[in-house]
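Structure, as structure tokens:
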Amino acid sequence: MFHIKILLLFLIFINSATAVDNKQGWELVKQENGIKVYTRTLANSYYKEFRGEIHINADINELMAYINDASHCADWRYKCIKMLNLSDGYIYKLSNLPWPFRNRYTVMKSETHYDKQDNSYTVRLKNIPRVALPEPIKAQLPAAENTVQMRYSDGYWRFKPVPNEAKVHIIYQMHGDADAPLPTELTRRGIINSAFMTLSNLNKHFIQVR
């Protein structure tokens with residue numbers, strides 16, 4: 001009887017969590033190696049939004065320093081070719097797209113907010129069209145040449161240290177629009193991998209340096 005009660009409580013908990021995710025439109029699409037990846041459909045967009053979550057054994061300051069170091073981009077960010085830290089919190093990132101499509105880049109305004117009450121850091125990212133950028137930022141950009149700017153690439157990172165543990169809970173949520181007619185299955189896998197591979201590579205780095 002005791003075991004039945006425990007099972008019922010567990011099922012109620014799972015159903016409640018699922019209901020919350022469904023209410024927000026999120027669908028769990030991959031769960032592996034401590035990483036959860038959710039996606040949801042947005043109105044007027046061919047591309048789904050993703051959210052990845054993981055706990056990483058790392059110091060919060062070392063973690064954020066590594067993420068903000070543009071020279072490491074190709075080592076852990078999915079499909080990243082290179083990244084540049086521009087002035088005033090702007091970031092340029094060039095990503096690989098499969099042939100015959102041209103590589104895509106983003107110019108994102110990055111803003112970091114610390115929530116003292118929650119003890120968490122949120123880094124918000126918003127892609128700004130090249131034509132709308134301040135002139136000093138335009139002057140720092142590489143020539144577009146044979147690349148195309150993403151239509152959208154907006155989202156955030158959230159880092160919250162786990163109390164009394166050397167761990168940080170990370171949420172990585174983004175919605176991108178590459179403005180490319182990619183096959184449906186390729187698009188689906190690319191969105192999932194953007195979250196999963198990025199968090200997986202980040203986790204591997206901090207496992208190796210421990």
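Labels used: A, B, ... for chains in the order of the structure tokens, numbers from 1 for residues in each chain, and numbers from 1 for ligands as shown.
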
Contacts of segment 186-195 of chain A within 7 Å, only C-alpha atoms, excl. fewer than 6 positions in-chain, as a ChimeraX atom specification: /A:37,50-52,78

Helix (DSSP H, G or I) positions in chain A, given as a ChimeraX atom specification: /A:2-23,60-68,70-76,87-89,130-132,135-138,184-209

Shell of 8 Å around Ala58 of chain A, only C-alpha atoms, local chain residues under 4 positions omitted, as a list in words: Glu62, Leu63, Ala166, Lys167, Val168 and Phe206 of chain A

Those selected residues, please, written with N, CA and C atoms and delivered as a short mmCIF file (atom, residue, chain, number, x, y, z; two decimals), in the first residue's frame.
data_model
loop_
_atom_site.label_atom_id
_atom_site.label_comp_id
_atom_site.auth_asym_id
_atom_site.auth_seq_id
_atom_site.Cartn_x
_atom_site.Cartn_y
_atom_site.Cartn_z
N GLU A 62 33.89 31.62 -13.25
CA GLU A 62 34.66 30.97 -14.30
C GLU A 62 33.76 30.60 -15.48
N LEU A 63 32.55 30.16 -15.17
CA LEU A 63 31.59 29.78 -16.20
C LEU A 63 31.23 30.97 -17.09
N ALA A 166 28.71 22.98 -5.58
CA ALA A 166 29.56 23.62 -6.59
C ALA A 166 28.96 23.40 -7.98
N LYS A 167 27.70 23.77 -8.11
CA LYS A 167 26.98 23.56 -9.37
C LYS A 167 26.24 24.84 -9.77
N VAL A 168 26.03 24.96 -11.07
CA VAL A 168 25.25 26.08 -11.60
C VAL A 168 24.16 25.52 -12.50
N PHE A 206 34.09 21.86 -18.73
CA PHE A 206 34.30 22.01 -17.30
C PHE A 206 34.58 20.68 -16.60
#

Given only C-alpha atoms as the counted atoms, nearest of A:Asp75, A:Glu53, A:Glu27, A:Asp115 to Ile171 of chain A: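 Result for the nearest residue to Ile171 of chain A: A:Glu53.
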
Counting only C-alpha atoms, the option among A:Leu97, A:Ile54, A:Leu86, A:Val209 closest to Tyr66 of chain A: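 For Tyr66 of chain A, the nearest of the given residues is A:Val209.
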
Atomic distance atom CA of Arg158 of chain A - atom CA of Thr112 of chain A, expressed in Å with one decimal: 9.5 Å

Secondary structure check, strand (DSSP E) residues of segment 18-193 of chain A, as a ChimeraX atom specification: /A:27-32,35-40,49-56,80-85,90-95,104-115,120-127,148-149,152-161,168-177

Selected residue, from A:His72, A:Asn201, A:Arg151, A:Gly34, that lies nearest to Tyr46 of chain A when counting only C-alpha atoms: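 With only C-alpha atoms as the atom set, the closest residue is A:Arg151.
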
Separation of atom CA of Ser45 of chain A from atom CA of Ile67 of chain A in Å: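 According to the coordinates, atom CA of Ile67 of chain A and atom CA of Ser45 of chain A are separated by 28.1 Å.
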
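Note that atom CA of Asn96 of chain A and atom CA of Thr184 of chain A are 17.7 Å apart.
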
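The closest residue to Gln31 of chain A, picked from A:Asn127, A:Gln117, A:Thr147, A:Ser200 and counting only C-alpha atoms, is A:Ser200.
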
Segment 87-95 of chain A surroundings by only C-alpha atoms, 10 Å radius, close-in-sequence under 5 positions cut, as a PyMOL selection string: chain A and resi 68+70+73-74+77-82+102-112+125-128+133+136-137+140-142+147-150

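Take the candidates A:Trp26, A:Asn85, A:Phe159, A:Met64 and check each one against Leu42 of chain A using only C-alpha atoms; the shortest distance goes to A:Trp26.
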
Residue among A:Ala143, A:Tyr47, A:Val123, A:Ile56 lying closest to Asn33 of chain A, counting only C-alpha atoms: A:Ile56
